Amino acid sequence: MGLFRKFKEGLQKTKSSVVGQIDSMLKSFTKIDEELFERLEELLIMGDVGISTSQKICEKLKEEVKKQRITDPSLIRELLEKIIGDILRGEENLKVTTKPSVILVIGVNGVGKTTSIGKLASQLKNEGKKVILGAADTFRAAAIDQLEIWANRAGVDIVRQNEGSDPAAVVFDTISAAKARNCDIIICDTAGRLHNKKHLMDELSKISRIISRELPEVDTEFLLVLDATTGQNAINQAREFKNALGITGIILTKLDGTARGGVVLAIKDELGVPVKYIGVGEQIDDLQSFNAKSFVSALFAKDD
């Protein structure tokens, strides 16, 4: 199945809820006025686009309408698609040009972190990369065991220790194994316990020091996994992690099960953090590299 089709199917709930309602609203107007923009802003906010991002979209829309002297409400749709595309575009691709490159993955329990790592490992392997996983979320034995299951499913190596081990030691061992086995990508599962920020910061600072020491000038991605079904809570979570740790990208899971796909816009616009992957199903190939053009095209596509 092609990327556009995957996006279209995965975004069906968001498309029906957000774009569907916008289409209905535009049909009810015979002219473009302030009431139309107010109603549009409401619908965007209800679609979890966020207040400030919704306001920004409407302001840009007003500018374009005035500049192009548009009077027909039906033409708003095309302008809206372009503005949303412009907001989402940029920094979507992983930066993994060094050999090896490191991807550190963080996320609270229940967001689909371990599953996303397994799917990402499978995707990178299918692209011809030699991948190794490091089970550095040693806080829970279940997380280690689950990651091993996914490593086997994806057909990649894994380095693990027992529950309660030093996460930095696991990362060190994973780097050593990656060097010995000539791996292209190291993916490390790390803890996501925001309720204890100092401990988390200390843990990740130690991991970062080991990476810098063992692999100087290596490309490192710090990806936060968020559950799309939580809507605005996902943005708050991303803000907390960004302030505490500094993240380079987002993996947004469970997008196929929610009408809250507008959260993608708020994350990129409000936080300046790009969404790099989205989860649009349960299968191993349902974690998709985010592509702004395909995402927006699927969101605004006319029904077959």
# chains A, B, ... in the order shown; residues from 1 in each chain; ligands from 1
>>> closest_atom_pairs(of="segment 215-251 of chain A", to="segment 179-184 of chain A", cutoff="12 Å", atoms="only C-alpha atoms", output="JSON lines")
{"residue": "A:Leu215", "atom": "CA", "partner": "A:Lys179", "partner_atom": "CA", "distance": 9.6}
{"residue": "A:Val218", "atom": "CA", "partner": "A:Asp184", "partner_atom": "CA", "distance": 11.2}
{"residue": "A:Asp219", "atom": "CA", "partner": "A:Asp184", "partner_atom": "CA", "distance": 11.1}
>>> closest_residue(among="A:Phe241, A:Ala121, A:Lys13, A:Leu265", to="Ser52 of chain A", atoms="only C-alpha atoms")
A:Leu265
>>> select_by_dssp(residues="segment 158-253 of chain A", states="strand (DSSP E)", output="list in words")
Ile158, Val159, Ile185, Ile186, Ile187, Cys188, Asp189, Thr220, Glu221, Phe222, Leu223, Leu224, Val225, Leu226, Asp227, Gly249, Ile250, Ile251, Leu252 and Thr253 of chain A
>>> write_last_selection(atoms="N, CA and C atoms", output="PDB file, in the first residue's frame")
ATOM      1  N   ILE A 158      19.809  -7.262  19.774  1.00  0.00           N
ATOM      2  CA  ILE A 158      19.453  -6.476  20.955  1.00  0.00           C
ATOM      3  C   ILE A 158      20.497  -6.699  22.052  1.00  0.00           C
ATOM      4  N   VAL A 159      20.784  -5.641  22.794  1.00  0.00           N
ATOM      5  CA  VAL A 159      21.639  -5.731  23.980  1.00  0.00           C
ATOM      6  C   VAL A 159      20.763  -5.432  25.184  1.00  0.00           C
ATOM      7  N   ILE A 185      22.823   1.720  12.633  1.00  0.00           N
ATOM      8  CA  ILE A 185      21.927   2.473  13.520  1.00  0.00           C
ATOM      9  C   ILE A 185      21.823   1.796  14.886  1.00  0.00           C
ATOM     10  N   ILE A 186      21.985   2.604  15.924  1.00  0.00           N
ATOM     11  CA  ILE A 186      21.744   2.154  17.306  1.00  0.00           C
ATOM     12  C   ILE A 186      20.447   2.816  17.774  1.00  0.00           C
ATOM     13  N   ILE A 187      19.484   2.010  18.199  1.00  0.00           N
ATOM     14  CA  ILE A 187      18.249   2.567  18.772  1.00  0.00           C
ATOM     15  C   ILE A 187      18.170   2.152  20.232  1.00  0.00           C
ATOM     16  N   CYS A 188      18.133   3.133  21.121  1.00  0.00           N
ATOM     17  CA  CYS A 188      18.079   2.838  22.552  1.00  0.00           C
ATOM     18  C   CYS A 188      16.735   3.243  23.142  1.00  0.00           C
ATOM     19  N   ASP A 189      16.114   2.288  23.809  1.00  0.00           N
ATOM     20  CA  ASP A 189      14.891   2.553  24.563  1.00  0.00           C
ATOM     21  C   ASP A 189      15.314   3.180  25.894  1.00  0.00           C
ATOM     22  N   THR A 220      22.880  12.121  16.433  1.00  0.00           N
ATOM     23  CA  THR A 220      22.010  11.596  17.492  1.00  0.00           C
ATOM     24  C   THR A 220      20.627  12.226  17.391  1.00  0.00           C
ATOM     25  N   GLU A 221      19.620  11.391  17.288  1.00  0.00           N
ATOM     26  CA  GLU A 221      18.234  11.842  17.304  1.00  0.00           C
ATOM     27  C   GLU A 221      17.631  11.508  18.668  1.00  0.00           C
ATOM     28  N   PHE A 222      16.892  12.460  19.225  1.00  0.00           N
ATOM     29  CA  PHE A 222      16.196  12.245  20.488  1.00  0.00           C
ATOM     30  C   PHE A 222      14.701  12.318  20.193  1.00  0.00           C
ATOM     31  N   LEU A 223      14.071  11.160  20.080  1.00  0.00           N
ATOM     32  CA  LEU A 223      12.665  11.097  19.651  1.00  0.00           C
ATOM     33  C   LEU A 223      11.737  10.837  20.835  1.00  0.00           C
ATOM     34  N   LEU A 224      10.708  11.658  20.932  1.00  0.00           N
ATOM     35  CA  LEU A 224       9.689  11.500  21.970  1.00  0.00           C
ATOM     36  C   LEU A 224       8.464  10.838  21.367  1.00  0.00           C
ATOM     37  N   VAL A 225       8.000   9.763  22.000  1.00  0.00           N
ATOM     38  CA  VAL A 225       6.795   9.075  21.536  1.00  0.00           C
ATOM     39  C   VAL A 225       5.587   9.632  22.282  1.00  0.00           C
ATOM     40  N   LEU A 226       4.588  10.060  21.502  1.00  0.00           N
ATOM     41  CA  LEU A 226       3.354  10.613  22.063  1.00  0.00           C
ATOM     42  C   LEU A 226       2.148   9.865  21.511  1.00  0.00           C
ATOM     43  N   ASP A 227       1.111   9.779  22.331  1.00  0.00           N
ATOM     44  CA  ASP A 227      -0.140   9.121  21.947  1.00  0.00           C
ATOM     45  C   ASP A 227      -1.095  10.182  21.396  1.00  0.00           C
ATOM     46  N   GLY A 249      12.673  15.318  17.666  1.00  0.00           N
ATOM     47  CA  GLY A 249      11.530  14.925  16.846  1.00  0.00           C
ATOM     48  C   GLY A 249      10.505  14.140  17.638  1.00  0.00           C
ATOM     49  N   ILE A 250       9.355  13.938  17.004  1.00  0.00           N
ATOM     50  CA  ILE A 250       8.221  13.257  17.629  1.00  0.00           C
ATOM     51  C   ILE A 250       7.839  12.020  16.823  1.00  0.00           C
ATOM     52  N   ILE A 251       7.522  10.942  17.538  1.00  0.00           N
ATOM     53  CA  ILE A 251       6.819   9.807  16.946  1.00  0.00           C
ATOM     54  C   ILE A 251       5.402   9.877  17.505  1.00  0.00           C
ATOM     55  N   LEU A 252       4.433  10.098  16.644  1.00  0.00           N
ATOM     56  CA  LEU A 252       3.043  10.244  17.085  1.00  0.00           C
ATOM     57  C   LEU A 252       2.284   8.955  16.772  1.00  0.00           C
ATOM     58  N   THR A 253       1.896   8.234  17.822  1.00  0.00           N
ATOM     59  CA  THR A 253       1.260   6.934  17.645  1.00  0.00           C
ATOM     60  C   THR A 253      -0.267   7.030  17.677  1.00  0.00           C
TER      61      THR A 253
END
>>> residues_around(residues="Glu64 of chain A", least_positions_apart="2", cutoff="12 Å", atoms="only C-alpha atoms", output="list of chain:residue names")
A:Ile57, A:Cys58, A:Glu59, A:Lys60, A:Leu61, A:Lys62, A:Lys66, A:Lys67, A:Gln68, A:Arg69, A:Ile70, A:Thr71, A:Leu75, A:Ile76, A:Glu78, A:Leu79, A:Leu80, A:Lys82, A:Ile83
>>> atom_distance(atom1="atom CA of Ala141 of chain A", atom2="atom CA of Ser165 of chain A")
10.3 Å
>>> closest_atom_pairs(of="segment 32-151 of chain A", to="segment 202-208 of chain A", cutoff="10 Å", atoms="only C-alpha atoms", output="CSV")
residue,atom,partner,partner_atom,distance
A:Leu104,CA,A:Leu204,CA,9.5
A:Ile106,CA,A:Leu204,CA,9.9
A:Ala136,CA,A:Ile207,CA,9.4
>>> write_last_selection(atoms="all heavy atoms", output="compact mmCIF listing (two decimals), in the first residue's frame")
# COMPACT_ATOMS: atom_id res chain seq x y z
N LEU A 104 17.84 7.86 20.32
CA LEU A 104 17.36 7.65 21.69
C LEU A 104 15.86 7.89 21.70
O LEU A 104 15.39 8.91 21.20
CB LEU A 104 18.04 8.62 22.66
CG LEU A 104 19.56 8.49 22.83
CD1 LEU A 104 20.09 9.61 23.72
CD2 LEU A 104 19.94 7.14 23.42
N ILE A 106 12.27 8.12 23.90
CA ILE A 106 11.72 8.34 25.24
C ILE A 106 10.20 8.44 25.15
O ILE A 106 9.65 8.78 24.10
CB ILE A 106 12.33 9.63 25.87
CG1 ILE A 106 12.08 9.68 27.36
CG2 ILE A 106 11.82 10.88 25.18
CD1 ILE A 106 12.95 10.69 28.08
N ALA A 136 17.61 0.12 27.28
CA ALA A 136 18.08 0.98 28.37
C ALA A 136 16.95 1.53 29.24
O ALA A 136 17.20 2.34 30.13
CB ALA A 136 18.91 2.13 27.81
>>> decode(residues="segment 184-218 of chain A", atoms="N, CA, C and O atoms", output="PDB file, in the first residue's frame")
ATOM      1  N   ASP A 184      24.820   0.131  11.485  1.00  0.00           N
ATOM      2  CA  ASP A 184      24.557   1.476  10.960  1.00  0.00           C
ATOM      3  C   ASP A 184      23.790   2.336  11.961  1.00  0.00           C
ATOM      4  O   ASP A 184      24.043   3.540  12.077  1.00  0.00           O
ATOM      5  N   ILE A 185      22.823   1.720  12.633  1.00  0.00           N
ATOM      6  CA  ILE A 185      21.927   2.473  13.520  1.00  0.00           C
ATOM      7  C   ILE A 185      21.823   1.796  14.886  1.00  0.00           C
ATOM      8  O   ILE A 185      21.601   0.588  14.976  1.00  0.00           O
ATOM      9  N   ILE A 186      21.985   2.604  15.924  1.00  0.00           N
ATOM     10  CA  ILE A 186      21.744   2.154  17.306  1.00  0.00           C
ATOM     11  C   ILE A 186      20.447   2.816  17.774  1.00  0.00           C
ATOM     12  O   ILE A 186      20.324   4.040  17.729  1.00  0.00           O
ATOM     13  N   ILE A 187      19.484   2.010  18.199  1.00  0.00           N
ATOM     14  CA  ILE A 187      18.249   2.567  18.772  1.00  0.00           C
ATOM     15  C   ILE A 187      18.170   2.152  20.232  1.00  0.00           C
ATOM     16  O   ILE A 187      18.164   0.954  20.538  1.00  0.00           O
ATOM     17  N   CYS A 188      18.133   3.133  21.121  1.00  0.00           N
ATOM     18  CA  CYS A 188      18.079   2.838  22.552  1.00  0.00           C
ATOM     19  C   CYS A 188      16.735   3.243  23.142  1.00  0.00           C
ATOM     20  O   CYS A 188      16.298   4.389  22.993  1.00  0.00           O
ATOM     21  N   ASP A 189      16.114   2.288  23.809  1.00  0.00           N
ATOM     22  CA  ASP A 189      14.891   2.553  24.563  1.00  0.00           C
ATOM     23  C   ASP A 189      15.314   3.180  25.894  1.00  0.00           C
ATOM     24  O   ASP A 189      16.147   2.614  26.605  1.00  0.00           O
ATOM     25  N   THR A 190      14.789   4.351  26.225  1.00  0.00           N
ATOM     26  CA  THR A 190      15.148   5.001  27.487  1.00  0.00           C
ATOM     27  C   THR A 190      13.895   5.282  28.309  1.00  0.00           C
ATOM     28  O   THR A 190      12.789   5.236  27.799  1.00  0.00           O
ATOM     29  N   ALA A 191      14.091   5.572  29.566  1.00  0.00           N
ATOM     30  CA  ALA A 191      12.961   5.780  30.475  1.00  0.00           C
ATOM     31  C   ALA A 191      12.241   7.087  30.180  1.00  0.00           C
ATOM     32  O   ALA A 191      12.795   7.985  29.567  1.00  0.00           O
ATOM     33  N   GLY A 192      11.005   7.181  30.656  1.00  0.00           N
ATOM     34  CA  GLY A 192      10.222   8.400  30.422  1.00  0.00           C
ATOM     35  C   GLY A 192       9.445   8.800  31.643  1.00  0.00           C
ATOM     36  O   GLY A 192       8.254   9.077  31.572  1.00  0.00           O
ATOM     37  N   ARG A 193      10.119   8.833  32.779  1.00  0.00           N
ATOM     38  CA  ARG A 193       9.422   9.086  34.041  1.00  0.00           C
ATOM     39  C   ARG A 193       9.431  10.574  34.366  1.00  0.00           C
ATOM     40  O   ARG A 193      10.260  11.063  35.121  1.00  0.00           O
ATOM     41  N   LEU A 194       8.492  11.293  33.786  1.00  0.00           N
ATOM     42  CA  LEU A 194       8.469  12.749  33.961  1.00  0.00           C
ATOM     43  C   LEU A 194       8.203  13.174  35.400  1.00  0.00           C
ATOM     44  O   LEU A 194       8.526  14.285  35.792  1.00  0.00           O
ATOM     45  N   HIS A 195       7.571  12.290  36.191  1.00  0.00           N
ATOM     46  CA  HIS A 195       7.257  12.670  37.570  1.00  0.00           C
ATOM     47  C   HIS A 195       8.526  12.822  38.409  1.00  0.00           C
ATOM     48  O   HIS A 195       8.490  13.356  39.505  1.00  0.00           O
ATOM     49  N   ASN A 196       9.630  12.315  37.893  1.00  0.00           N
ATOM     50  CA  ASN A 196      10.906  12.467  38.602  1.00  0.00           C
ATOM     51  C   ASN A 196      11.927  13.044  37.623  1.00  0.00           C
ATOM     52  O   ASN A 196      12.824  12.366  37.145  1.00  0.00           O
ATOM     53  N   LYS A 197      11.737  14.326  37.325  1.00  0.00           N
ATOM     54  CA  LYS A 197      12.518  14.956  36.256  1.00  0.00           C
ATOM     55  C   LYS A 197      14.021  14.964  36.530  1.00  0.00           C
ATOM     56  O   LYS A 197      14.817  14.739  35.631  1.00  0.00           O
ATOM     57  N   LYS A 198      14.400  15.209  37.782  1.00  0.00           N
ATOM     58  CA  LYS A 198      15.833  15.291  38.085  1.00  0.00           C
ATOM     59  C   LYS A 198      16.522  13.953  37.817  1.00  0.00           C
ATOM     60  O   LYS A 198      17.576  13.903  37.196  1.00  0.00           O
ATOM     61  N   HIS A 199      15.884  12.881  38.265  1.00  0.00           N
ATOM     62  CA  HIS A 199      16.459  11.556  38.054  1.00  0.00           C
ATOM     63  C   HIS A 199      16.578  11.261  36.561  1.00  0.00           C
ATOM     64  O   HIS A 199      17.591  10.755  36.086  1.00  0.00           O
ATOM     65  N   LEU A 200      15.533  11.607  35.822  1.00  0.00           N
ATOM     66  CA  LEU A 200      15.505  11.391  34.373  1.00  0.00           C
ATOM     67  C   LEU A 200      16.592  12.204  33.681  1.00  0.00           C
ATOM     68  O   LEU A 200      17.315  11.701  32.816  1.00  0.00           O
ATOM     69  N   MET A 201      16.712  13.465  34.070  1.00  0.00           N
ATOM     70  CA  MET A 201      17.737  14.343  33.500  1.00  0.00           C
ATOM     71  C   MET A 201      19.138  13.782  33.753  1.00  0.00           C
ATOM     72  O   MET A 201      19.978  13.738  32.860  1.00  0.00           O
ATOM     73  N   ASP A 202      19.369  13.358  35.005  1.00  0.00           N
ATOM     74  CA  ASP A 202      20.683  12.813  35.370  1.00  0.00           C
ATOM     75  C   ASP A 202      21.002  11.567  34.549  1.00  0.00           C
ATOM     76  O   ASP A 202      22.117  11.392  34.050  1.00  0.00           O
ATOM     77  N   GLU A 203      19.984  10.724  34.421  1.00  0.00           N
ATOM     78  CA  GLU A 203      20.144   9.462  33.682  1.00  0.00           C
ATOM     79  C   GLU A 203      20.498   9.730  32.226  1.00  0.00           C
ATOM     80  O   GLU A 203      21.429   9.143  31.675  1.00  0.00           O
ATOM     81  N   LEU A 204      19.746  10.651  31.598  1.00  0.00           N
ATOM     82  CA  LEU A 204      19.955  10.929  30.181  1.00  0.00           C
ATOM     83  C   LEU A 204      21.226  11.739  29.926  1.00  0.00           C
ATOM     84  O   LEU A 204      21.861  11.595  28.888  1.00  0.00           O
ATOM     85  N   SER A 205      21.611  12.564  30.903  1.00  0.00           N
ATOM     86  CA  SER A 205      22.877  13.298  30.782  1.00  0.00           C
ATOM     87  C   SER A 205      24.050  12.320  30.793  1.00  0.00           C
ATOM     88  O   SER A 205      25.012  12.468  30.028  1.00  0.00           O
ATOM     89  N   LYS A 206      23.936  11.315  31.640  1.00  0.00           N
ATOM     90  CA  LYS A 206      24.982  10.285  31.732  1.00  0.00           C
ATOM     91  C   LYS A 206      25.064   9.502  30.412  1.00  0.00           C
ATOM     92  O   LYS A 206      26.150   9.241  29.907  1.00  0.00           O
ATOM     93  N   ILE A 207      23.897   9.163  29.855  1.00  0.00           N
ATOM     94  CA  ILE A 207      23.848   8.449  28.574  1.00  0.00           C
ATOM     95  C   ILE A 207      24.477   9.309  27.475  1.00  0.00           C
ATOM     96  O   ILE A 207      25.272   8.825  26.668  1.00  0.00           O
ATOM     97  N   SER A 208      24.144  10.604  27.464  1.00  0.00           N
ATOM     98  CA  SER A 208      24.683  11.532  26.454  1.00  0.00           C
ATOM     99  C   SER A 208      26.203  11.635  26.553  1.00  0.00           C
ATOM    100  O   SER A 208      26.900  11.687  25.526  1.00  0.00           O
ATOM    101  N   ARG A 209      26.712  11.656  27.782  1.00  0.00           N
ATOM    102  CA  ARG A 209      28.172  11.741  27.977  1.00  0.00           C
ATOM    103  C   ARG A 209      28.864  10.499  27.411  1.00  0.00           C
ATOM    104  O   ARG A 209      29.934  10.603  26.793  1.00  0.00           O
ATOM    105  N   ILE A 210      28.266   9.346  27.629  1.00  0.00           N
ATOM    106  CA  ILE A 210      28.849   8.095  27.125  1.00  0.00           C
ATOM    107  C   ILE A 210      28.847   8.079  25.602  1.00  0.00           C
ATOM    108  O   ILE A 210      29.834   7.695  24.969  1.00  0.00           O
ATOM    109  N   ILE A 211      27.746   8.538  25.003  1.00  0.00           N
ATOM    110  CA  ILE A 211      27.671   8.591  23.534  1.00  0.00           C
ATOM    111  C   ILE A 211      28.748   9.531  22.989  1.00  0.00           C
ATOM    112  O   ILE A 211      29.468   9.206  22.044  1.00  0.00           O
ATOM    113  N   SER A 212      28.882  10.712  23.615  1.00  0.00           N
ATOM    114  CA  SER A 212      29.876  11.704  23.166  1.00  0.00           C
ATOM    115  C   SER A 212      31.305  11.163  23.300  1.00  0.00           C
ATOM    116  O   SER A 212      32.159  11.423  22.448  1.00  0.00           O
ATOM    117  N   ARG A 213      31.525  10.417  24.375  1.00  0.00           N
ATOM    118  CA  ARG A 213      32.873   9.881  24.621  1.00  0.00           C
ATOM    119  C   ARG A 213      33.198   8.727  23.665  1.00  0.00           C
ATOM    120  O   ARG A 213      34.287   8.657  23.105  1.00  0.00           O
ATOM    121  N   GLU A 214      32.231   7.821  23.483  1.00  0.00           N
ATOM    122  CA  GLU A 214      32.477   6.619  22.689  1.00  0.00           C
ATOM    123  C   GLU A 214      32.288   6.845  21.190  1.00  0.00           C
ATOM    124  O   GLU A 214      32.899   6.159  20.374  1.00  0.00           O
ATOM    125  N   LEU A 215      31.425   7.796  20.853  1.00  0.00           N
ATOM    126  CA  LEU A 215      31.134   8.077  19.439  1.00  0.00           C
ATOM    127  C   LEU A 215      31.149   9.588  19.207  1.00  0.00           C
ATOM    128  O   LEU A 215      30.110  10.217  19.024  1.00  0.00           O
ATOM    129  N   PRO A 216      32.311  10.220  19.216  1.00  0.00           N
ATOM    130  CA  PRO A 216      32.374  11.679  19.024  1.00  0.00           C
ATOM    131  C   PRO A 216      31.795  12.071  17.654  1.00  0.00           C
ATOM    132  O   PRO A 216      31.991  11.373  16.670  1.00  0.00           O
ATOM    133  N   GLU A 217      31.060  13.178  17.648  1.00  0.00           N
ATOM    134  CA  GLU A 217      30.493  13.742  16.417  1.00  0.00           C
ATOM    135  C   GLU A 217      29.511  12.802  15.708  1.00  0.00           C
ATOM    136  O   GLU A 217      29.307  12.902  14.501  1.00  0.00           O
ATOM    137  N   VAL A 218      28.892  11.920  16.471  1.00  0.00           N
ATOM    138  CA  VAL A 218      27.902  11.017  15.889  1.00  0.00           C
ATOM    139  C   VAL A 218      26.558  11.743  15.741  1.00  0.00           C
ATOM    140  O   VAL A 218      26.228  12.625  16.534  1.00  0.00           O
TER     141      VAL A 218
END
